[in-house]
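Worksheet for the structure shown next.
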Amino acid sequence: MAVCSVCGKKRASGNNVSHANNKTKRVFMPNLQRVRIQAGHGTRRLHVCTRCLRSGKIKKAV
């Protein structure tokens with residue numbers, strides 16, 4: 001599974017909890033997008049989470 005190249009966000013595990021308080025395992029997946037970014041002397045494709053995209057931590061290539 002892919003990981004955010006900026007913040008390192010990856011899948012996290014937890015529980016589904018029913019109204020009867022039954023617990024079953026589940027997985028929280030990050031919202032990763034494969035984007036072209038401006039990196040040094042050229043462009044690269046990286047997996048970046050939408051939180052990093054929205055906060056402007058990377059510069060998207062045109």
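Please note that chains go A, B, ... in the order of the structure tokens, that every chain numbers its residues from 1, and that ligands are numbered from 1 in the order shown.
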
Contacts of stretch 30-45 of chain A at 10 Å (only C-alpha atoms; same-chain gap of 6+ positions) as a CSV table (one decimal) with N, CA and C atoms, in the first residue's frame:
chain,number,residue,atom,x,y,z
A,2,ALA,N,0.4,2.3,-0.7
A,2,ALA,CA,1.2,3.5,-0.8
A,2,ALA,C,1.1,4.3,0.5
A,3,VAL,N,2.1,5.2,0.6
A,3,VAL,CA,2.2,6.1,1.8
A,3,VAL,C,2.4,7.5,1.3
A,4,CYS,N,1.9,8.5,2.0
A,4,CYS,CA,2.1,9.9,1.6
A,4,CYS,C,3.6,10.2,1.6
A,5,SER,N,4.1,10.7,0.5
A,5,SER,CA,5.5,11.1,0.4
A,5,SER,C,5.9,12.3,1.2
A,9,LYS,N,1.8,9.6,6.0
A,9,LYS,CA,0.5,9.1,6.4
A,9,LYS,C,0.2,7.7,5.7
A,10,LYS,N,-0.2,6.7,6.4
A,10,LYS,CA,-0.5,5.4,5.9
A,10,LYS,C,-1.8,4.9,6.5
A,11,ARG,N,-2.1,3.6,6.2
A,11,ARG,CA,-3.3,3.1,6.7
A,11,ARG,C,-3.3,2.9,8.2
A,12,ALA,N,-4.4,3.1,8.9
A,12,ALA,CA,-4.5,2.9,10.3
A,12,ALA,C,-5.6,2.0,10.6
A,51,ARG,N,-4.6,16.2,2.4
A,51,ARG,CA,-4.3,17.2,3.5
A,51,ARG,C,-3.1,18.0,3.1
A,52,CYS,N,-2.1,17.3,2.6
A,52,CYS,CA,-0.8,18.0,2.2
A,52,CYS,C,-1.0,18.8,0.9
A,53,LEU,N,-1.9,18.3,0.0
A,53,LEU,CA,-2.2,19.1,-1.2
A,53,LEU,C,-2.9,20.4,-0.8
A,58,ILE,N,3.3,21.1,-1.1
A,58,ILE,CA,4.0,20.8,-2.3
A,58,ILE,C,3.7,21.7,-3.4
A,59,LYS,N,4.5,21.8,-4.4
A,59,LYS,CA,4.2,22.6,-5.6
A,59,LYS,C,3.9,21.7,-6.7
A,60,LYS,N,2.6,21.8,-7.2
A,60,LYS,CA,2.2,21.0,-8.3
A,60,LYS,C,2.8,21.4,-9.6
A,61,ALA,N,3.2,20.5,-10.5
A,61,ALA,CA,3.7,20.8,-11.8
A,61,ALA,C,2.6,21.2,-12.8
A,62,VAL,N,2.8,22.1,-13.6
A,62,VAL,CA,1.8,22.5,-14.6
A,62,VAL,C,1.9,21.7,-15.8

* Asked: DSSP on the backbone: what in stretch 6-50 of chain A comes out strand (DSSP E), as a PyMOL selection string?
  -> chain A and resi 12-17+23-28+32-39+42-49

Could you pull out the residues in chain A that DSSP calls alpha helix (DSSP H) from the backbone, as a PDB file with C-alpha atoms, in the first residue's frame?
ATOM      1  CA  THR A  50      -5.168  15.476   0.175  1.00  0.00           C
ATOM      2  CA  ARG A  51      -4.331  17.179   3.482  1.00  0.00           C
ATOM      3  CA  CYS A  52      -0.817  17.973   2.198  1.00  0.00           C
ATOM      4  CA  LEU A  53      -2.190  19.083  -1.186  1.00  0.00           C
ATOM      5  CA  ARG A  54      -4.720  21.415   0.408  1.00  0.00           C
ATOM      6  CA  SER A  55      -2.232  22.964   2.847  1.00  0.00           C
TER       7      SER A  55
END

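The gap separating atom CA of A:Leu46 from atom CA of A:Arg26 is 26.3 Å, in Å to one decimal.
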
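Atom to atom, atom CA of A:Phe28 and atom CA of A:Asn16 stand 10.6 Å apart.
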